Amino acid sequence: MKPVNLLGICCNWSPYACYNAAGMARLKMPPNFRLVRVMCIGRINQALILRAFEYGADGVILLECKDEDCRYGPGPEVGHVNVQRVRKLLRLLGIGQQRLIERHFASHEKEELVRALWKFDELITALGPNPAKPRQEQEVS
Amino acid sequence: MSEYEQKIDKIIRDQSLYQCLECGKCSASCPRQLAGKEYSPRLLAHKIIAEREDEAFIENSIWECLTCGQCGERCPSGVDFSHLILEMRTLLAGTKGLKGYRSHDGALHSWMRLMTSPNLQQERLGWIDTRVRVAAYGKLAFFTGCAPYFDVFFSGIRVDTLSIVRDSVRLLNFMGIVPALLANERCCGHDLLWTGDRENFETLCRLNYHEFKAAGVEEVVVSCPECFYMLSEYMPQVVPEFDIKVTLLIELLEREMKKGGMAFRPLKRKVTFQDPCRLGRICGRYDTPRSLLSLIPEMGFREMENSGRSAVCCGNSGFINCDAYSKRIQVQRLHEAKATAADLLVTACPKCMIHLTCTMRDPIKHGSLAMEIRDLASVLADQIEWAAK
Ligand code: SF4
Ligand code: SF4
């Protein structure tokens, strides 16, 4: 079976520090996981999350700082609102709201981050591929 | 002449651009130009005819237009600018890719394209409750469009476009019709078509036709003017075997009212009407909304300064180009609505409702533009009753 496409959208600060530290410590991560680093989760809007699904992601995880740790202020809260709305849209579309999740980390929590990624992999693998791959994408794959 | 040039030639011949007199009436009436945007339909006409080498100018202008059709009303040569723009966008998108500044980063176009997937099992009917009677299949369907999606996406400005759908179904129920609502109906594709994405638009048309047939539908009733225009005019072009009757809800209601038996309860409100461009200028339905409203007793109706054929656009179309100039158009439009002393602004398109509500909620305006806005279907559904014998 073809592995599912996992996308992580990762804040540059605490979660990326975890991701980096996990890499340095050679902790094993899901091989089908790809990461996009952004300066802050507050930078991500509903469109960018939807676009990930449009371009073939089977699951998207937002890796955020804890609310009180945001370097800019409201980043994670913006993330919560967007996730909440996009989850509703995914549900309407029949893609399923479980395919979008958010997790937050403090900068030392590399094991937690890796564990969260494996759980995410497990969840999306159980759900299988995203049913809404737009036509062109389907023809390519 | 290259193939590309020949295509442009065909487009401008079809939309009678060669008849252009360069009179400038289009530019003088274009809301985008009047709002101060550096954009001139007259100059664009000139460049497409005579200075085609100025590709950058032509390209930029093609994506600027609101396709509101205001200019077409004034043009002495009958140039149909909005369709010219539509054809040019389709052509340019094919050769140079989709452009145009997408509002909300293209989120709406994204879900519309996601709907082109053939195997979707949508959950778009979760809003149905005891206020409406509906069926899963049948000869007559009601087309709900993107309303469930809009309400989630625009929850920040608290718009309720699902109320339009609910009230439309209530009107049908009142007329003794229990419409089928299709769980896997797709977006009508209006916004994809008008922003140049013809391929995905056509896919949506075919999927919708398939859904209609699978549910045994012979007639579709539509409330949204954009859906109406797409289903009645464009779907038959895409699906040659198209054999479904497309009915505009307010026209159905008007016909039924004429038979007698139904009337409206009085409504002591002062009302004005925003003509949606797809309903008015593109589909030519100016009278139906007004004649229905005129049947409501005790209601005061006043037209805005610009109404009917010269009604001003709600500022945006196809969810591209929302910018400071769109905002200015919307602010002015709301000032016009307020100047009528109306306390209820009625429109007939969910997009008008979204765009004007957005402007009303602008925090910088401190609520000075706020007024109640409702869809025609909602107003009518609340007032309809059996006529006293
Ligand atoms: S109004 Fe018509 S004839 Fe006049 S400049 Fe515009 S397109 Fe040409
Ligand atoms: S269709 Fe509307 S926005 Fe476009 S050129 Fe004409 S008046 Fe201007």
# chains A, B, ... in the order shown; residues from 1 in each chain; ligands from 1
$ residues_around --residues "A:Leu63" --least-positions-apart "6" --cutoff "12 Å" --atoms "only C-alpha atoms" --output "ChimeraX atom specification"
/A:7-19,35-42,44,75-76,79-80,83,100-107,109-110,112-114,116-117,120
$ write_last_selection --atoms "N, CA and C atoms" --output "compact mmCIF listing (two decimals), in the first residue's frame"
# COMPACT_ATOMS: atom_id res chain seq x y z
N LEU A 7 1.86 16.13 6.03
CA LEU A 7 2.49 17.44 5.99
C LEU A 7 2.45 18.08 7.36
N GLY A 8 3.59 18.58 7.79
CA GLY A 8 3.64 19.35 9.03
C GLY A 8 3.91 20.80 8.71
N ILE A 9 3.13 21.69 9.31
CA ILE A 9 3.43 23.11 9.17
C ILE A 9 3.95 23.54 10.53
N CYS A 10 5.20 23.98 10.55
CA CYS A 10 5.91 24.07 11.82
C CYS A 10 6.37 25.49 12.11
N CYS A 11 6.06 25.96 13.29
CA CYS A 11 6.53 27.28 13.71
C CYS A 11 8.05 27.22 13.90
N ASN A 12 8.71 28.27 13.50
CA ASN A 12 10.16 28.37 13.54
C ASN A 12 10.72 28.28 14.96
N TRP A 13 9.92 28.60 15.98
CA TRP A 13 10.48 28.73 17.33
C TRP A 13 10.41 27.43 18.10
N SER A 14 9.58 27.28 19.09
CA SER A 14 9.67 26.07 19.93
C SER A 14 9.58 24.76 19.15
N PRO A 15 8.53 24.56 18.31
CA PRO A 15 8.42 23.26 17.66
C PRO A 15 9.61 22.97 16.74
N TYR A 16 10.11 24.00 16.07
CA TYR A 16 11.24 23.73 15.18
C TYR A 16 12.49 23.40 15.98
N ALA A 17 12.62 24.02 17.13
CA ALA A 17 13.74 23.68 18.01
C ALA A 17 13.65 22.21 18.41
N CYS A 18 12.43 21.76 18.71
CA CYS A 18 12.23 20.34 19.04
C CYS A 18 12.59 19.46 17.85
N TYR A 19 12.12 19.84 16.68
CA TYR A 19 12.34 19.05 15.47
C TYR A 19 13.83 18.94 15.19
N LEU A 35 7.95 18.57 6.07
CA LEU A 35 7.78 19.70 6.97
C LEU A 35 7.94 21.02 6.23
N VAL A 36 7.04 21.95 6.52
CA VAL A 36 7.19 23.31 6.00
C VAL A 36 7.40 24.21 7.20
N ARG A 37 8.52 24.91 7.20
CA ARG A 37 8.80 25.78 8.34
C ARG A 37 8.27 27.19 8.06
N VAL A 38 7.54 27.75 8.99
CA VAL A 38 7.04 29.12 8.85
C VAL A 38 7.47 29.92 10.08
N MET A 39 7.48 31.22 9.98
CA MET A 39 7.96 32.02 11.10
C MET A 39 7.03 31.93 12.31
N CYS A 40 5.75 31.71 12.04
CA CYS A 40 4.79 31.68 13.14
C CYS A 40 3.54 31.01 12.60
N ILE A 41 2.85 30.25 13.41
CA ILE A 41 1.62 29.61 12.95
C ILE A 41 0.55 30.66 12.64
N GLY A 42 0.68 31.83 13.25
CA GLY A 42 -0.23 32.95 12.96
C GLY A 42 -0.12 33.41 11.52
N ILE A 44 -0.15 31.37 9.02
CA ILE A 44 -0.88 30.41 8.19
C ILE A 44 -2.37 30.77 8.20
N GLY A 75 -0.08 34.25 17.72
CA GLY A 75 0.10 33.18 16.72
C GLY A 75 -0.71 31.92 16.95
N PRO A 76 -0.50 31.23 18.07
CA PRO A 76 -1.22 29.97 18.26
C PRO A 76 -2.74 30.15 18.30
N GLY A 79 -3.94 30.18 14.99
CA GLY A 79 -3.92 28.78 14.55
C GLY A 79 -5.17 28.03 14.99
N HIS A 80 -5.55 28.20 16.27
CA HIS A 80 -6.74 27.47 16.77
C HIS A 80 -7.98 27.83 15.96
N VAL A 83 -7.77 26.32 12.45
CA VAL A 83 -7.93 24.87 12.47
C VAL A 83 -9.41 24.52 12.67
N LEU A 100 -6.95 17.00 9.97
CA LEU A 100 -6.22 18.21 10.33
C LEU A 100 -6.13 18.28 11.85
N ILE A 101 -4.91 18.31 12.37
CA ILE A 101 -4.77 18.44 13.82
C ILE A 101 -3.72 19.51 14.15
N GLU A 102 -3.74 19.96 15.39
CA GLU A 102 -2.70 20.90 15.85
C GLU A 102 -2.15 20.39 17.18
N ARG A 103 -0.87 20.58 17.39
CA ARG A 103 -0.23 20.18 18.64
C ARG A 103 0.74 21.30 19.03
N HIS A 104 0.89 21.50 20.35
CA HIS A 104 1.85 22.55 20.75
C HIS A 104 2.96 21.97 21.61
N PHE A 105 4.10 22.62 21.55
CA PHE A 105 5.28 22.10 22.25
C PHE A 105 6.08 23.24 22.87
N ALA A 106 6.70 22.94 24.01
CA ALA A 106 7.71 23.86 24.54
C ALA A 106 9.04 23.47 23.89
N SER A 107 10.03 24.34 23.96
CA SER A 107 11.22 24.14 23.13
C SER A 107 12.06 22.92 23.50
N GLU A 109 10.74 19.88 24.20
CA GLU A 109 9.93 18.66 24.14
C GLU A 109 10.15 17.84 22.86
N LYS A 110 11.42 17.48 22.55
CA LYS A 110 11.65 16.76 21.29
C LYS A 110 11.02 15.37 21.27
N GLU A 112 8.34 14.40 22.86
CA GLU A 112 6.89 14.60 22.71
C GLU A 112 6.56 14.85 21.24
N LEU A 113 7.40 15.69 20.59
CA LEU A 113 7.12 16.02 19.19
C LEU A 113 7.21 14.76 18.32
N VAL A 114 8.25 13.98 18.52
CA VAL A 114 8.40 12.79 17.69
C VAL A 114 7.25 11.81 17.95
N ALA A 116 4.27 12.62 18.87
CA ALA A 116 3.08 13.19 18.23
C ALA A 116 3.07 12.90 16.73
N LEU A 117 4.26 12.95 16.12
CA LEU A 117 4.33 12.68 14.67
C LEU A 117 4.00 11.22 14.36
N PHE A 120 0.34 10.76 14.71
CA PHE A 120 -0.30 11.40 13.55
C PHE A 120 -0.22 10.44 12.35
$ select_by_dssp --residues "stretch 72-186 of chain B" --states "alpha helix (DSSP H)" --output "ChimeraX atom specification"
/B:72-74,81-96,107-114,147-153,162-174
$ interface_residues --of "chain B" --to "chain A" --cutoff "6 Å" --atoms "only C-alpha atoms" --output "ChimeraX atom specification"
/B:105,107,114,116-117,120-124
$ write_last_selection --atoms "N, CA, C and O atoms" --output "short mmCIF file (atom, residue, chain, number, x, y, z; two decimals), in the first residue's frame"
data_model
loop_
_atom_site.label_atom_id
_atom_site.label_comp_id
_atom_site.auth_asym_id
_atom_site.auth_seq_id
_atom_site.Cartn_x
_atom_site.Cartn_y
_atom_site.Cartn_z
N ASP B 105 -6.63 34.61 -0.16
CA ASP B 105 -5.55 33.74 -0.60
C ASP B 105 -6.05 32.57 -1.45
O ASP B 105 -5.39 31.54 -1.53
N ALA B 107 -8.70 30.65 -0.89
CA ALA B 107 -9.29 29.54 -0.14
C ALA B 107 -10.58 29.05 -0.80
O ALA B 107 -10.85 27.85 -0.87
N LEU B 114 -11.40 21.43 -4.96
CA LEU B 114 -11.47 20.14 -4.25
C LEU B 114 -12.75 19.40 -4.62
O LEU B 114 -12.79 18.17 -4.66
N THR B 116 -14.00 19.03 -7.37
CA THR B 116 -13.95 18.33 -8.66
C THR B 116 -13.57 16.86 -8.47
O THR B 116 -13.56 16.11 -9.44
N SER B 117 -13.23 16.47 -7.25
CA SER B 117 -12.91 15.05 -7.02
C SER B 117 -14.18 14.23 -7.17
O SER B 117 -15.20 14.55 -6.58
N LEU B 120 -16.29 12.21 -3.76
CA LEU B 120 -16.58 12.89 -2.49
C LEU B 120 -17.89 12.41 -1.88
O LEU B 120 -18.87 12.18 -2.58
N GLN B 121 -17.88 12.27 -0.56
CA GLN B 121 -19.13 12.06 0.16
C GLN B 121 -19.30 13.25 1.10
O GLN B 121 -18.88 13.20 2.25
N GLN B 122 -19.87 14.32 0.59
CA GLN B 122 -19.94 15.55 1.38
C GLN B 122 -20.93 15.43 2.53
O GLN B 122 -21.81 14.57 2.52
N GLU B 123 -20.77 16.33 3.49
CA GLU B 123 -21.73 16.39 4.59
C GLU B 123 -22.36 17.78 4.60
O GLU B 123 -22.35 18.48 5.59
N ARG B 124 -22.86 18.17 3.43
CA ARG B 124 -23.31 19.55 3.28
C ARG B 124 -24.75 19.79 3.75
O ARG B 124 -25.25 20.90 3.70
#
$ atom_distance --atom1 "atom CA of B:Leu34" --atom2 "atom CA of B:Asn60"
17.8 Å
$ closest_residue --among "B:Ala35, B:Leu108, B:Ala50, B:Ala348" --to "B:Cys146" --atoms "only C-alpha atoms"
B:Leu108
$ residues_near_ligand --ligand "ligand 2" --cutoff "7 Å" --atoms "only C-alpha atoms and all ligand atoms" --output "mmCIF file with N, CA, C and O atoms, in the first residue's frame"
data_model
loop_
_atom_site.group_PDB
_atom_site.id
_atom_site.type_symbol
_atom_site.label_atom_id
_atom_site.label_comp_id
_atom_site.auth_asym_id
_atom_site.auth_seq_id
_atom_site.Cartn_x
_atom_site.Cartn_y
_atom_site.Cartn_z
ATOM 1 N N CYS B 26 -17.542 53.623 -21.253
ATOM 2 C CA CYS B 26 -17.290 52.498 -20.341
ATOM 3 C C CYS B 26 -16.430 52.945 -19.167
ATOM 4 O O CYS B 26 -16.756 52.680 -18.008
ATOM 5 N N SER B 27 -15.344 53.643 -19.482
ATOM 6 C CA SER B 27 -14.467 54.086 -18.401
ATOM 7 C C SER B 27 -15.191 55.048 -17.475
ATOM 8 O O SER B 27 -14.997 55.017 -16.261
ATOM 9 N N SER B 29 -18.178 55.033 -16.639
ATOM 10 C CA SER B 29 -19.181 54.418 -15.772
ATOM 11 C C SER B 29 -18.615 53.276 -14.942
ATOM 12 O O SER B 29 -19.291 52.739 -14.084
ATOM 13 N N CYS B 30 -17.367 52.913 -15.185
ATOM 14 C CA CYS B 30 -16.792 51.755 -14.488
ATOM 15 C C CYS B 30 -16.577 52.070 -13.002
ATOM 16 O O CYS B 30 -15.861 52.999 -12.663
ATOM 17 N N PRO B 31 -17.211 51.301 -12.126
ATOM 18 C CA PRO B 31 -17.077 51.601 -10.698
ATOM 19 C C PRO B 31 -15.633 51.494 -10.207
ATOM 20 O O PRO B 31 -15.225 52.200 -9.304
ATOM 21 N N ARG B 32 -14.889 50.631 -10.853
ATOM 22 C CA ARG B 32 -13.502 50.454 -10.419
ATOM 23 C C ARG B 32 -12.692 51.721 -10.748
ATOM 24 O O ARG B 32 -11.913 52.197 -9.938
ATOM 25 N N GLN B 33 -12.920 52.233 -11.937
ATOM 26 C CA GLN B 33 -12.207 53.452 -12.271
ATOM 27 C C GLN B 33 -12.718 54.627 -11.433
ATOM 28 O O GLN B 33 -11.932 55.443 -10.960
ATOM 29 N N PRO B 41 -11.291 50.522 -19.036
ATOM 30 C CA PRO B 41 -11.781 49.616 -20.072
ATOM 31 C C PRO B 41 -11.618 50.196 -21.481
ATOM 32 O O PRO B 41 -11.326 49.449 -22.422
ATOM 33 N N CYS B 65 -10.880 43.713 -13.950
ATOM 34 C CA CYS B 65 -12.305 44.004 -14.134
ATOM 35 C C CYS B 65 -13.148 43.216 -13.129
ATOM 36 O O CYS B 65 -12.817 42.112 -12.729
ATOM 37 N N LEU B 66 -14.272 43.819 -12.717
ATOM 38 C CA LEU B 66 -15.188 43.139 -11.796
ATOM 39 C C LEU B 66 -16.232 42.310 -12.553
ATOM 40 O O LEU B 66 -17.039 41.631 -11.940
ATOM 41 N N THR B 67 -16.221 42.438 -13.877
ATOM 42 C CA THR B 67 -17.216 41.791 -14.744
ATOM 43 C C THR B 67 -18.650 42.136 -14.337
ATOM 44 O O THR B 67 -19.569 41.337 -14.469
ATOM 45 N N CYS B 68 -18.805 43.358 -13.831
ATOM 46 C CA CYS B 68 -20.118 43.761 -13.327
ATOM 47 C C CYS B 68 -21.082 44.144 -14.450
ATOM 48 O O CYS B 68 -22.283 44.208 -14.244
ATOM 49 N N GLY B 69 -20.541 44.441 -15.635
ATOM 50 C CA GLY B 69 -21.399 44.741 -16.771
ATOM 51 C C GLY B 69 -21.952 46.154 -16.831
ATOM 52 O O GLY B 69 -22.711 46.494 -17.745
ATOM 53 N N GLN B 70 -21.563 46.993 -15.905
ATOM 54 C CA GLN B 70 -22.029 48.381 -15.897
ATOM 55 C C GLN B 70 -21.730 49.071 -17.230
ATOM 56 O O GLN B 70 -22.581 49.744 -17.802
ATOM 57 N N CYS B 71 -20.505 48.871 -17.740
ATOM 58 C CA CYS B 71 -20.090 49.541 -18.971
ATOM 59 C C CYS B 71 -20.949 49.089 -20.148
ATOM 60 O O CYS B 71 -21.297 49.891 -21.009
ATOM 61 N N GLY B 72 -21.288 47.796 -20.159
ATOM 62 C CA GLY B 72 -22.064 47.268 -21.263
ATOM 63 C C GLY B 72 -23.414 47.953 -21.418
ATOM 64 O O GLY B 72 -23.974 48.032 -22.513
ATOM 65 N N PHE B 81 -18.428 43.766 -22.319
ATOM 66 C CA PHE B 81 -17.129 43.711 -21.661
ATOM 67 C C PHE B 81 -16.979 42.533 -20.719
ATOM 68 O O PHE B 81 -15.933 41.910 -20.666
ATOM 69 N N SER B 82 -18.028 42.248 -19.949
ATOM 70 C CA SER B 82 -17.822 41.179 -18.967
ATOM 71 C C SER B 82 -17.528 39.841 -19.639
ATOM 72 O O SER B 82 -16.664 39.100 -19.195
#
$ atom_distance --atom1 "atom CA of B:Asn184" --atom2 "atom CA of B:Ala93"
28.2 Å
$ decode --residues "stretch 108-120 of chain A" --atoms "all heavy atoms" --output "PDB file, in the first residue's frame"
ATOM      1  N   HIS A 108      11.837  22.324  24.668  1.00  0.00           N
ATOM      2  CA  HIS A 108      12.655  21.157  25.039  1.00  0.00           C
ATOM      3  C   HIS A 108      11.940  19.827  24.774  1.00  0.00           C
ATOM      4  O   HIS A 108      12.473  18.769  25.068  1.00  0.00           O
ATOM      5  CB  HIS A 108      13.015  21.242  26.520  1.00  0.00           C
ATOM      6  CG  HIS A 108      11.810  21.212  27.419  1.00  0.00           C
ATOM      7  ND1 HIS A 108      11.040  22.328  27.647  1.00  0.00           N
ATOM      8  CD2 HIS A 108      11.210  20.191  28.077  1.00  0.00           C
ATOM      9  CE1 HIS A 108      10.023  21.996  28.445  1.00  0.00           C
ATOM     10  NE2 HIS A 108      10.104  20.706  28.716  1.00  0.00           N
ATOM     11  N   GLU A 109      10.742  19.876  24.202  1.00  0.00           N
ATOM     12  CA  GLU A 109       9.933  18.656  24.144  1.00  0.00           C
ATOM     13  C   GLU A 109      10.150  17.840  22.860  1.00  0.00           C
ATOM     14  O   GLU A 109       9.193  17.533  22.146  1.00  0.00           O
ATOM     15  CB  GLU A 109       8.457  19.012  24.321  1.00  0.00           C
ATOM     16  CG  GLU A 109       8.174  19.581  25.699  1.00  0.00           C
ATOM     17  CD  GLU A 109       6.717  19.969  25.925  1.00  0.00           C
ATOM     18  OE1 GLU A 109       6.023  20.389  24.973  1.00  0.00           O
ATOM     19  OE2 GLU A 109       6.272  19.843  27.072  1.00  0.00           O
ATOM     20  N   LYS A 110      11.416  17.477  22.550  1.00  0.00           N
ATOM     21  CA  LYS A 110      11.649  16.761  21.290  1.00  0.00           C
ATOM     22  C   LYS A 110      11.016  15.370  21.268  1.00  0.00           C
ATOM     23  O   LYS A 110      10.446  14.964  20.265  1.00  0.00           O
ATOM     24  CB  LYS A 110      13.134  16.689  20.959  1.00  0.00           C
ATOM     25  CG  LYS A 110      14.018  15.948  21.955  1.00  0.00           C
ATOM     26  CD  LYS A 110      15.445  15.888  21.395  1.00  0.00           C
ATOM     27  CE  LYS A 110      16.381  15.055  22.255  1.00  0.00           C
ATOM     28  NZ  LYS A 110      16.579  15.578  23.625  1.00  0.00           N
ATOM     29  N   GLU A 111      11.061  14.671  22.405  1.00  0.00           N
ATOM     30  CA  GLU A 111      10.457  13.323  22.420  1.00  0.00           C
ATOM     31  C   GLU A 111       8.944  13.423  22.201  1.00  0.00           C
ATOM     32  O   GLU A 111       8.365  12.641  21.441  1.00  0.00           O
ATOM     33  CB  GLU A 111      10.705  12.589  23.751  1.00  0.00           C
ATOM     34  CG  GLU A 111      12.097  11.994  23.906  1.00  0.00           C
ATOM     35  CD  GLU A 111      13.077  12.977  24.535  1.00  0.00           C
ATOM     36  OE1 GLU A 111      12.626  14.087  24.920  1.00  0.00           O
ATOM     37  OE2 GLU A 111      14.272  12.650  24.628  1.00  0.00           O
ATOM     38  N   GLU A 112       8.339  14.396  22.859  1.00  0.00           N
ATOM     39  CA  GLU A 112       6.892  14.598  22.706  1.00  0.00           C
ATOM     40  C   GLU A 112       6.559  14.851  21.237  1.00  0.00           C
ATOM     41  O   GLU A 112       5.590  14.321  20.698  1.00  0.00           O
ATOM     42  CB  GLU A 112       6.406  15.785  23.548  1.00  0.00           C
ATOM     43  CG  GLU A 112       6.292  15.506  25.035  1.00  0.00           C
ATOM     44  CD  GLU A 112       7.610  15.673  25.797  1.00  0.00           C
ATOM     45  OE1 GLU A 112       8.675  15.724  25.129  1.00  0.00           O
ATOM     46  OE2 GLU A 112       7.577  15.728  27.034  1.00  0.00           O
ATOM     47  N   LEU A 113       7.396  15.693  20.588  1.00  0.00           N
ATOM     48  CA  LEU A 113       7.122  16.025  19.188  1.00  0.00           C
ATOM     49  C   LEU A 113       7.208  14.761  18.320  1.00  0.00           C
ATOM     50  O   LEU A 113       6.319  14.488  17.508  1.00  0.00           O
ATOM     51  CB  LEU A 113       8.106  17.087  18.688  1.00  0.00           C
ATOM     52  CG  LEU A 113       7.866  17.495  17.230  1.00  0.00           C
ATOM     53  CD1 LEU A 113       7.551  18.969  17.125  1.00  0.00           C
ATOM     54  CD2 LEU A 113       9.033  17.156  16.328  1.00  0.00           C
ATOM     55  N   VAL A 114       8.246  13.984  18.523  1.00  0.00           N
ATOM     56  CA  VAL A 114       8.399  12.786  17.694  1.00  0.00           C
ATOM     57  C   VAL A 114       7.249  11.813  17.952  1.00  0.00           C
ATOM     58  O   VAL A 114       6.673  11.242  17.018  1.00  0.00           O
ATOM     59  CB  VAL A 114       9.775  12.128  17.962  1.00  0.00           C
ATOM     60  CG1 VAL A 114       9.869  10.778  17.264  1.00  0.00           C
ATOM     61  CG2 VAL A 114      10.885  13.049  17.475  1.00  0.00           C
ATOM     62  N   ARG A 115       6.879  11.683  19.223  1.00  0.00           N
ATOM     63  CA  ARG A 115       5.741  10.812  19.545  1.00  0.00           C
ATOM     64  C   ARG A 115       4.461  11.298  18.846  1.00  0.00           C
ATOM     65  O   ARG A 115       3.711  10.513  18.279  1.00  0.00           O
ATOM     66  CB  ARG A 115       5.509  10.788  21.061  1.00  0.00           C
ATOM     67  CG  ARG A 115       5.967   9.476  21.704  1.00  0.00           C
ATOM     68  CD  ARG A 115       5.327   9.214  23.064  1.00  0.00           C
ATOM     69  NE  ARG A 115       5.367  10.326  23.995  1.00  0.00           N
ATOM     70  CZ  ARG A 115       6.428  10.641  24.754  1.00  0.00           C
ATOM     71  NH1 ARG A 115       7.538   9.933  24.693  1.00  0.00           N
ATOM     72  NH2 ARG A 115       6.383  11.670  25.584  1.00  0.00           N
ATOM     73  N   ALA A 116       4.273  12.622  18.874  1.00  0.00           N
ATOM     74  CA  ALA A 116       3.078  13.194  18.228  1.00  0.00           C
ATOM     75  C   ALA A 116       3.073  12.900  16.731  1.00  0.00           C
ATOM     76  O   ALA A 116       2.022  12.606  16.148  1.00  0.00           O
ATOM     77  CB  ALA A 116       3.014  14.700  18.479  1.00  0.00           C
ATOM     78  N   LEU A 117       4.262  12.945  16.118  1.00  0.00           N
ATOM     79  CA  LEU A 117       4.333  12.681  14.672  1.00  0.00           C
ATOM     80  C   LEU A 117       3.998  11.225  14.359  1.00  0.00           C
ATOM     81  O   LEU A 117       3.280  10.941  13.395  1.00  0.00           O
ATOM     82  CB  LEU A 117       5.717  13.031  14.115  1.00  0.00           C
ATOM     83  CG  LEU A 117       6.105  14.509  14.158  1.00  0.00           C
ATOM     84  CD1 LEU A 117       7.441  14.730  13.461  1.00  0.00           C
ATOM     85  CD2 LEU A 117       5.034  15.393  13.516  1.00  0.00           C
ATOM     86  N   TRP A 118       4.488  10.304  15.189  1.00  0.00           N
ATOM     87  CA  TRP A 118       4.170   8.894  14.946  1.00  0.00           C
ATOM     88  C   TRP A 118       2.686   8.621  15.160  1.00  0.00           C
ATOM     89  O   TRP A 118       2.052   7.867  14.430  1.00  0.00           O
ATOM     90  CB  TRP A 118       5.016   7.983  15.848  1.00  0.00           C
ATOM     91  CG  TRP A 118       6.404   7.795  15.309  1.00  0.00           C
ATOM     92  CD1 TRP A 118       7.559   8.330  15.814  1.00  0.00           C
ATOM     93  CD2 TRP A 118       6.791   7.051  14.145  1.00  0.00           C
ATOM     94  NE1 TRP A 118       8.641   7.971  15.043  1.00  0.00           N
ATOM     95  CE2 TRP A 118       8.192   7.185  14.005  1.00  0.00           C
ATOM     96  CE3 TRP A 118       6.090   6.303  13.195  1.00  0.00           C
ATOM     97  CZ2 TRP A 118       8.902   6.588  12.966  1.00  0.00           C
ATOM     98  CZ3 TRP A 118       6.803   5.712  12.166  1.00  0.00           C
ATOM     99  CH2 TRP A 118       8.198   5.849  12.059  1.00  0.00           C
ATOM    100  N   LYS A 119       2.130   9.266  16.156  1.00  0.00           N
ATOM    101  CA  LYS A 119       0.672   9.098  16.384  1.00  0.00           C
ATOM    102  C   LYS A 119      -0.131   9.633  15.205  1.00  0.00           C
ATOM    103  O   LYS A 119      -1.133   9.058  14.786  1.00  0.00           O
ATOM    104  CB  LYS A 119       0.256   9.855  17.665  1.00  0.00           C
ATOM    105  CG  LYS A 119       0.346   9.004  18.904  1.00  0.00           C
ATOM    106  CD  LYS A 119      -0.594   9.501  19.974  1.00  0.00           C
ATOM    107  CE  LYS A 119      -1.942   8.848  19.825  1.00  0.00           C
ATOM    108  NZ  LYS A 119      -2.665   8.725  21.059  1.00  0.00           N
ATOM    109  N   PHE A 120       0.339  10.762  14.709  1.00  0.00           N
ATOM    110  CA  PHE A 120      -0.298  11.400  13.547  1.00  0.00           C
ATOM    111  C   PHE A 120      -0.223  10.441  12.346  1.00  0.00           C
ATOM    112  O   PHE A 120      -1.211  10.209  11.643  1.00  0.00           O
ATOM    113  CB  PHE A 120       0.431  12.721  13.288  1.00  0.00           C
ATOM    114  CG  PHE A 120       0.057  13.442  12.030  1.00  0.00           C
ATOM    115  CD1 PHE A 120      -1.261  13.792  11.758  1.00  0.00           C
ATOM    116  CD2 PHE A 120       1.043  13.827  11.109  1.00  0.00           C
ATOM    117  CE1 PHE A 120      -1.586  14.485  10.604  1.00  0.00           C
ATOM    118  CE2 PHE A 120       0.717  14.521   9.959  1.00  0.00           C
ATOM    119  CZ  PHE A 120      -0.589  14.843   9.705  1.00  0.00           C
TER     120      PHE A 120
END
